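Below is the file data_2.cif, which contains mmCIF, C-alpha atoms.
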```cif
data_structure
#
loop_
_atom_site.group_PDB
_atom_site.id
_atom_site.type_symbol
_atom_site.label_atom_id
_atom_site.label_comp_id
_atom_site.auth_asym_id
_atom_site.auth_seq_id
_atom_site.Cartn_x
_atom_site.Cartn_y
_atom_site.Cartn_z
ATOM 1 C CA MET A 1 22.464 45.953 27.587
ATOM 2 C CA ILE A 2 23.780 43.224 29.899
ATOM 3 C CA ARG A 3 25.143 41.242 26.934
ATOM 4 C CA PHE A 4 26.968 44.327 25.629
ATOM 5 C CA ILE A 5 28.615 44.884 29.013
ATOM 6 C CA PHE A 6 29.743 41.258 29.247
ATOM 7 C CA VAL A 7 31.072 41.269 25.674
ATOM 8 C CA ALA A 8 33.003 44.496 26.273
ATOM 9 C CA LEU A 9 34.344 43.215 29.596
ATOM 10 C CA PHE A 10 35.492 39.920 28.086
ATOM 11 C CA LEU A 11 37.226 41.692 25.195
ATOM 12 C CA PHE A 12 38.973 44.085 27.568
ATOM 13 C CA LEU A 13 40.161 41.285 29.860
ATOM 14 C CA TYR A 14 41.305 39.195 26.902
ATOM 15 C CA LEU A 15 43.433 42.020 25.506
ATOM 16 C CA ILE A 16 44.949 42.949 28.888
ATOM 17 C CA LEU A 17 45.428 39.483 30.400
ATOM 18 C CA GLY A 18 46.476 38.171 27.007
ATOM 19 C CA ILE A 19 49.597 40.369 26.841
ATOM 20 C CA PRO A 20 51.926 37.735 28.369
ATOM 21 C CA VAL A 21 50.244 35.040 26.248
ATOM 22 C CA TYR A 22 50.844 37.110 23.134
ATOM 23 C CA LEU A 23 54.526 37.535 24.038
ATOM 24 C CA ILE A 24 54.906 33.802 24.667
ATOM 25 C CA LEU A 25 53.288 33.002 21.318
ATOM 26 C CA ARG A 26 55.649 35.423 19.555
ATOM 27 C CA LEU A 27 58.557 33.592 21.200
ATOM 28 C CA ILE A 28 57.168 30.239 20.062
ATOM 29 C CA CYS A 29 56.943 31.609 16.515
ATOM 30 C CA LYS A 30 60.674 32.297 16.554
ATOM 31 C CA ILE A 31 61.319 28.666 17.409
ATOM 32 C CA ASN A 32 58.527 27.038 15.393
ATOM 33 C CA LYS A 33 56.583 29.547 13.312
ATOM 34 C CA LYS A 34 53.839 27.164 12.191
ATOM 35 C CA ALA A 35 53.152 25.980 15.736
ATOM 36 C CA GLY A 36 53.043 29.549 17.039
ATOM 37 C CA ASP A 37 50.801 30.727 14.212
ATOM 38 C CA TYR A 38 48.276 27.937 14.716
ATOM 39 C CA ALA A 39 48.297 28.374 18.487
ATOM 40 C CA SER A 40 47.469 32.062 17.943
ATOM 41 C CA LEU A 41 44.719 31.150 15.463
ATOM 42 C CA ARG A 42 43.040 28.657 17.806
ATOM 43 C CA LEU A 43 43.268 30.975 20.810
ATOM 44 C CA VAL A 44 41.625 33.880 18.995
ATOM 45 C CA GLN A 45 38.985 31.545 17.571
ATOM 46 C CA TRP A 46 38.205 30.402 21.108
ATOM 47 C CA ALA A 47 37.828 34.023 22.219
ATOM 48 C CA PHE A 48 35.536 34.807 19.282
ATOM 49 C CA ARG A 49 33.348 31.790 20.070
ATOM 50 C CA VAL A 50 33.062 32.918 23.679
ATOM 51 C CA ILE A 51 31.949 36.390 22.546
ATOM 52 C CA LEU A 52 29.388 34.867 20.178
ATOM 53 C CA LYS A 53 28.134 32.683 23.031
ATOM 54 C CA ILE A 54 27.849 35.653 25.383
ATOM 55 C CA SER A 55 26.017 37.640 22.721
ATOM 56 C CA GLY A 56 23.463 34.834 22.318
ATOM 57 C CA THR A 57 24.223 34.341 18.640
ATOM 58 C CA GLU A 58 22.846 31.149 17.115
ATOM 59 C CA ILE A 59 24.755 30.255 13.947
ATOM 60 C CA THR A 60 23.588 28.018 11.123
ATOM 61 C CA VAL A 61 26.512 27.163 8.838
ATOM 62 C CA LEU A 62 25.819 25.901 5.322
ATOM 63 C CA GLY A 63 28.168 24.657 2.618
ATOM 64 C CA GLU A 64 31.297 24.473 4.761
ATOM 65 C CA GLU A 65 32.291 21.398 2.785
ATOM 66 C CA ASN A 66 32.781 23.720 -0.193
ATOM 67 C CA VAL A 67 35.961 25.171 1.332
ATOM 68 C CA PRO A 68 38.915 23.273 -0.181
ATOM 69 C CA ASP A 69 41.997 22.306 1.801
ATOM 70 C CA GLU A 70 44.192 24.991 0.232
ATOM 71 C CA ALA A 71 44.713 28.732 0.351
ATOM 72 C CA VAL A 72 41.617 30.565 -0.894
ATOM 73 C CA LEU A 73 40.183 34.053 -1.198
ATOM 74 C CA PHE A 74 37.118 34.337 1.044
ATOM 75 C CA VAL A 75 34.708 37.017 -0.170
ATOM 76 C CA GLY A 76 31.697 38.095 1.865
ATOM 77 C CA ASN A 77 29.040 40.759 2.298
ATOM 78 C CA HIS A 78 29.571 43.014 5.291
ATOM 79 C CA ARG A 79 26.807 44.211 7.615
ATOM 80 C CA SER A 80 28.313 43.931 11.096
ATOM 81 C CA TYR A 81 31.529 44.003 13.085
ATOM 82 C CA PHE A 82 30.457 40.528 14.168
ATOM 83 C CA ASP A 83 31.025 39.295 10.587
ATOM 84 C CA ILE A 84 34.717 38.934 11.451
ATOM 85 C CA LEU A 85 33.947 36.845 14.533
ATOM 86 C CA LEU A 86 31.422 34.690 12.687
ATOM 87 C CA THR A 87 33.727 33.868 9.792
ATOM 88 C CA TYR A 88 37.143 33.794 11.468
ATOM 89 C CA SER A 89 35.950 31.338 14.104
ATOM 90 C CA ARG A 90 35.261 28.854 11.250
ATOM 91 C CA CYS A 91 38.680 29.046 9.550
ATOM 92 C CA LYS A 92 40.451 25.693 9.523
ATOM 93 C CA HIS A 93 43.759 27.135 8.392
ATOM 94 C CA LEU A 94 45.694 30.386 8.666
ATOM 95 C CA THR A 95 43.679 33.261 7.239
ATOM 96 C CA GLY A 96 44.475 36.953 7.093
ATOM 97 C CA TYR A 97 41.751 39.586 6.866
ATOM 98 C CA VAL A 98 42.008 42.809 4.910
ATOM 99 C CA ALA A 99 40.941 45.545 7.325
ATOM 100 C CA LYS A 100 40.712 49.314 7.100
ATOM 101 C CA LYS A 101 43.874 51.210 8.077
ATOM 102 C CA GLU A 102 42.035 52.904 10.963
ATOM 103 C CA MET A 103 42.343 49.656 12.938
ATOM 104 C CA LEU A 104 46.036 50.467 13.392
ATOM 105 C CA LYS A 105 45.013 53.091 15.971
ATOM 106 C CA TYR A 106 44.050 50.438 18.515
ATOM 107 C CA PRO A 107 47.002 49.054 20.501
ATOM 108 C CA LEU A 108 46.987 45.350 21.446
ATOM 109 C CA LEU A 109 44.179 44.674 18.959
ATOM 110 C CA ARG A 110 46.394 45.708 16.042
ATOM 111 C CA ASP A 111 49.235 43.539 17.405
ATOM 112 C CA TRP A 112 47.038 40.449 17.462
ATOM 113 C CA MET A 113 45.784 41.284 13.983
ATOM 114 C CA LYS A 114 49.295 41.648 12.587
ATOM 115 C CA ALA A 115 50.297 38.356 14.191
ATOM 116 C CA LEU A 116 47.349 36.716 12.437
ATOM 117 C CA TYR A 117 48.386 37.989 8.980
ATOM 118 C CA CYS A 118 45.779 40.736 8.793
ATOM 119 C CA LEU A 119 46.493 43.540 6.350
ATOM 120 C CA PHE A 120 45.508 47.185 6.631
ATOM 121 C CA LEU A 121 44.193 48.842 3.488
ATOM 122 C CA ASP A 122 44.384 52.569 2.782
ATOM 123 C CA ARG A 123 41.754 53.104 0.090
ATOM 124 C CA ASP A 124 42.702 56.776 -0.238
ATOM 125 C CA ASN A 125 46.278 55.987 -1.209
ATOM 126 C CA VAL A 126 46.548 54.002 -4.442
ATOM 127 C CA ARG A 127 50.229 53.165 -3.971
ATOM 128 C CA GLU A 128 49.769 51.906 -0.423
ATOM 129 C CA GLY A 129 46.636 50.021 -1.463
ATOM 130 C CA LEU A 130 48.616 48.241 -4.173
ATOM 131 C CA LYS A 131 51.275 47.260 -1.628
ATOM 132 C CA THR A 132 48.566 45.697 0.527
ATOM 133 C CA ILE A 133 47.207 43.684 -2.405
ATOM 134 C CA LEU A 134 50.727 42.527 -3.342
ATOM 135 C CA GLN A 135 51.341 41.414 0.240
ATOM 136 C CA ALA A 136 48.058 39.500 0.189
ATOM 137 C CA ILE A 137 49.155 37.795 -3.027
ATOM 138 C CA ASP A 138 52.405 36.755 -1.349
ATOM 139 C CA TYR A 139 50.473 35.360 1.618
ATOM 140 C CA VAL A 140 48.278 33.220 -0.648
ATOM 141 C CA LYS A 141 51.374 31.899 -2.413
ATOM 142 C CA GLU A 142 52.693 30.927 1.033
ATOM 143 C CA GLY A 143 49.500 28.963 1.726
ATOM 144 C CA ILE A 144 47.700 31.582 3.843
ATOM 145 C CA SER A 145 44.097 32.327 2.896
ATOM 146 C CA ILE A 146 42.820 35.895 2.664
ATOM 147 C CA CYS A 147 39.355 37.184 3.552
ATOM 148 C CA ILE A 148 37.958 40.394 2.075
ATOM 149 C CA PHE A 149 34.696 42.313 2.364
ATOM 150 C CA PRO A 150 34.814 44.077 -1.018
ATOM 151 C CA GLU A 151 31.928 46.454 -0.346
ATOM 152 C CA GLY A 152 34.750 48.480 1.185
ATOM 153 C CA THR A 153 32.879 49.418 4.335
ATOM 154 C CA ARG A 154 30.100 48.116 6.530
ATOM 155 C CA ASN A 155 26.856 48.224 4.549
ATOM 156 C CA LYS A 156 24.241 50.229 6.472
ATOM 157 C CA ASN A 157 21.412 49.951 3.935
ATOM 158 C CA GLU A 158 18.110 48.973 5.520
ATOM 159 C CA ASP A 159 17.732 45.862 3.357
ATOM 160 C CA GLU A 160 20.704 43.485 3.576
ATOM 161 C CA LEU A 161 19.941 42.350 0.014
ATOM 162 C CA ASP A 162 20.827 45.869 -1.133
ATOM 163 C CA MET A 163 24.596 45.444 -1.158
ATOM 164 C CA LEU A 164 27.137 48.119 -2.008
ATOM 165 C CA PRO A 165 29.067 47.565 -5.257
ATOM 166 C CA PHE A 166 32.044 45.220 -4.881
ATOM 167 C CA HIS A 167 35.433 46.828 -5.498
ATOM 168 C CA GLU A 168 37.150 44.870 -8.259
ATOM 169 C CA GLY A 169 40.718 45.621 -7.136
ATOM 170 C CA SER A 170 40.767 43.105 -4.281
ATOM 171 C CA PHE A 171 40.006 40.283 -6.705
ATOM 172 C CA LYS A 172 43.507 40.641 -8.127
ATOM 173 C CA ILE A 173 44.529 38.473 -5.170
ATOM 174 C CA ALA A 174 42.762 35.530 -6.809
ATOM 175 C CA ALA A 175 43.542 36.554 -10.382
ATOM 176 C CA LYS A 176 47.299 36.689 -9.723
ATOM 177 C CA THR A 177 47.485 33.461 -7.699
ATOM 178 C CA ASN A 178 44.733 31.450 -9.403
ATOM 179 C CA CYS A 179 43.426 30.476 -5.971
ATOM 180 C CA PRO A 180 39.736 29.567 -5.587
ATOM 181 C CA ILE A 181 37.295 32.290 -4.572
ATOM 182 C CA ILE A 182 34.879 31.204 -1.836
ATOM 183 C CA PRO A 183 31.710 33.357 -1.732
ATOM 184 C CA MET A 184 30.309 33.844 1.781
ATOM 185 C CA ALA A 185 26.745 35.016 2.402
ATOM 186 C CA ILE A 186 26.177 36.331 5.934
ATOM 187 C CA SER A 187 22.497 36.778 6.785
ATOM 188 C CA GLY A 188 21.150 38.522 9.876
ATOM 189 C CA SER A 189 24.431 39.633 11.471
ATOM 190 C CA ALA A 190 23.400 43.304 11.806
ATOM 191 C CA ASP A 191 20.645 42.173 14.179
ATOM 192 C CA ILE A 192 23.263 41.151 16.737
ATOM 193 C CA TRP A 193 24.243 44.739 17.528
ATOM 194 C CA GLU A 194 24.179 47.422 14.839
ATOM 195 C CA ASN A 195 20.411 47.461 14.248
ATOM 196 C CA HIS A 196 19.733 48.341 17.906
ATOM 197 C CA PHE A 197 22.989 49.872 19.124
ATOM 198 C CA PRO A 198 24.167 49.717 21.883
ATOM 199 C CA ARG A 199 22.187 46.615 22.863
ATOM 200 C CA VAL A 200 23.523 43.186 21.920
ATOM 201 C CA LYS A 201 20.540 41.011 21.072
ATOM 202 C CA LYS A 202 20.064 37.255 20.846
ATOM 203 C CA THR A 203 20.055 36.561 17.114
ATOM 204 C CA HIS A 204 19.947 33.781 14.533
ATOM 205 C CA VAL A 205 22.587 34.189 11.823
ATOM 206 C CA ILE A 206 23.113 32.111 8.686
ATOM 207 C CA LEU A 207 26.600 31.798 7.218
ATOM 208 C CA GLU A 208 26.730 30.033 3.856
ATOM 209 C CA TYR A 209 29.806 29.147 1.848
ATOM 210 C CA GLY A 210 29.215 28.920 -1.883
ATOM 211 C CA THR A 211 30.918 26.560 -4.290
ATOM 212 C CA PRO A 212 34.490 27.581 -5.202
ATOM 213 C CA ILE A 213 34.941 29.922 -8.136
ATOM 214 C CA TYR A 214 37.892 28.967 -10.314
ATOM 215 C CA ILE A 215 38.808 31.905 -12.501
ATOM 216 C CA ASP A 216 40.310 29.815 -15.312
ATOM 217 C CA GLN A 217 36.915 28.111 -15.728
ATOM 218 C CA LEU A 218 34.939 31.344 -16.187
ATOM 219 C CA GLU A 219 33.770 32.997 -19.366
ATOM 220 C CA LYS A 220 35.898 35.906 -20.592
ATOM 221 C CA GLU A 221 33.320 38.529 -19.596
ATOM 222 C CA ASP A 222 32.963 37.098 -16.083
ATOM 223 C CA LYS A 223 36.742 37.150 -15.647
ATOM 224 C CA LYS A 224 36.715 40.868 -16.439
ATOM 225 C CA HIS A 225 34.074 41.555 -13.769
ATOM 226 C CA LEU A 226 34.947 39.135 -10.962
ATOM 227 C CA GLY A 227 33.508 41.429 -8.310
ATOM 228 C CA ALA A 228 30.086 41.682 -9.913
ATOM 229 C CA TYR A 229 30.087 37.957 -10.736
ATOM 230 C CA THR A 230 30.870 36.989 -7.129
ATOM 231 C CA GLN A 231 28.407 39.522 -5.746
ATOM 232 C CA ASN A 232 25.586 38.016 -7.793
ATOM 233 C CA ILE A 233 26.314 34.594 -6.306
ATOM 234 C CA ILE A 234 26.308 36.006 -2.765
ATOM 235 C CA HIS A 235 23.074 37.878 -3.480
ATOM 236 C CA GLU A 236 21.383 34.649 -4.583
ATOM 237 C CA MET A 237 22.413 32.947 -1.324
ATOM 238 C CA LEU A 238 21.188 35.906 0.736
ATOM 239 C CA VAL A 239 17.804 35.819 -1.000
ATOM 240 C CA LYS A 240 17.515 32.076 -0.386
ATOM 241 C CA ASN A 241 18.450 32.302 3.283
ATOM 242 C CA LYS A 242 16.412 35.380 4.166
ATOM 243 C CA ALA A 243 13.274 33.285 4.521
ATOM 244 C CA GLN A 244 15.031 31.054 7.100
ATOM 245 C CA LEU A 245 15.687 33.831 9.611
#
```
Show me this structure written as structure tokens.
Amino acid sequence: MIRFIFVALFLFLYLILGIPVYLILRLICKINKKAGDYASLRLVQWAFRVILKISGTEITVLGEENVPDEAVLFVGNHRSYFDILLTYSRCKHLTGYVAKKEMLKYPLLRDWMKALYCLFLDRDNVREGLKTILQAIDYVKEGISICIFPEGTRNKNEDELDMLPFHEGSFKIAAKTNCPIIPMAISGSADIWENHFPRVKKTHVILEYGTPIYIDQLEKEDKKHLGAYTQNIIHEMLVKNKAQL
């Protein structure tokens, strides 16, 4: 319970004390957008690493060399709110996350997310959902990577190998830009918090990046079912890494 209190306290202080920092960074962006964007990225990554340290999370990262130096579509399984911290803290370049629209209800947090190119998806509104995907496509064309968790929600199944079906729509981001898809397998993240809520527990997590998927190199049938194809690759990595936890 102590770890949970410290994590919550740090997050609260960061959001409150970070208000003037946020305003300064927005001003920097008006003068030099790239400098302001990267300063925001590194600051949030620092905060995420502090939270992971407080929570006692030990991270083993595999295959990071598979991430090319260009805009990509990161695709991962989703078991924990900590998945965002685990993956975003590893991003070398600007990366926007596709989040659920409900995140817009949280002031300060939503402002940081917008500044970091996060997008808010309304799955109940097809037209608005399409706008979000089109904006993500524009971001990739501008050199900004996008990260999605295509299960659509946090997977609460008892066995992390039992993933929810991947929604195919989000893969249009890669199909329309021809950017590489980077599969991410996150093993053990639910043991940080969700499996014993509200306690935050010292945990070993494995984050593995698979080899890039280039759509133009796939068979016709695999191109038609990119979600299922990518999910199978992630499942294989999860099976392999389960024995290491």
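Residues within 10 Å of Ala99 of chain A, counting all atoms listed in the file and excluding same-chain residues fewer than 2 positions away, are Ile84, Gly96, Tyr97, Lys101, Glu102, Met103, Leu104, Met113, Cys118, Leu119, Phe120, Leu121, Asp122, Cys147, Ile148, Phe149, Gly152 and Thr153 of chain A.
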Explicit residues for the PyMOL selection byres ((chain A and resi 132) around 10) (as a list of chain:residue names):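 This file, filtered by the PyMOL selection byres ((chain A and resi 132) around 10), leaves A:Val98, A:Leu119, A:Phe120, A:Leu121, A:Asp122, A:Val126, A:Arg127, A:Glu128, A:Gly129, A:Leu130, A:Lys131, A:Ile133, A:Leu134, A:Gln135, A:Ala136, A:Ile137, A:Asp138, A:Ser170.
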Counting all atoms listed in the file, the residue of A:Asn66, A:Ser187, A:Thr203, A:Ser40 that sits nearest Met163 of chain A: A:Ser187
Closest of A:Ile182, A:Val205, A:Ala71, A:Leu161 to Ile144 of chain A - atom-to-atom distances counting all atoms listed in the file: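 When distances to Ile144 of chain A are compared using all atoms listed in the file, the smallest one comes from A:Ala71.
Here the PyMOL selection byres ((chain A and resi 154) around 8) matches the residues His78, Arg79, Ser80, Tyr81, Glu151, Gly152, Thr153, Asn155 and Lys156 of chain A.
We find atom CA of Leu109 of chain A and atom CA of Phe82 of chain A to be spaced 15.1 Å apart.
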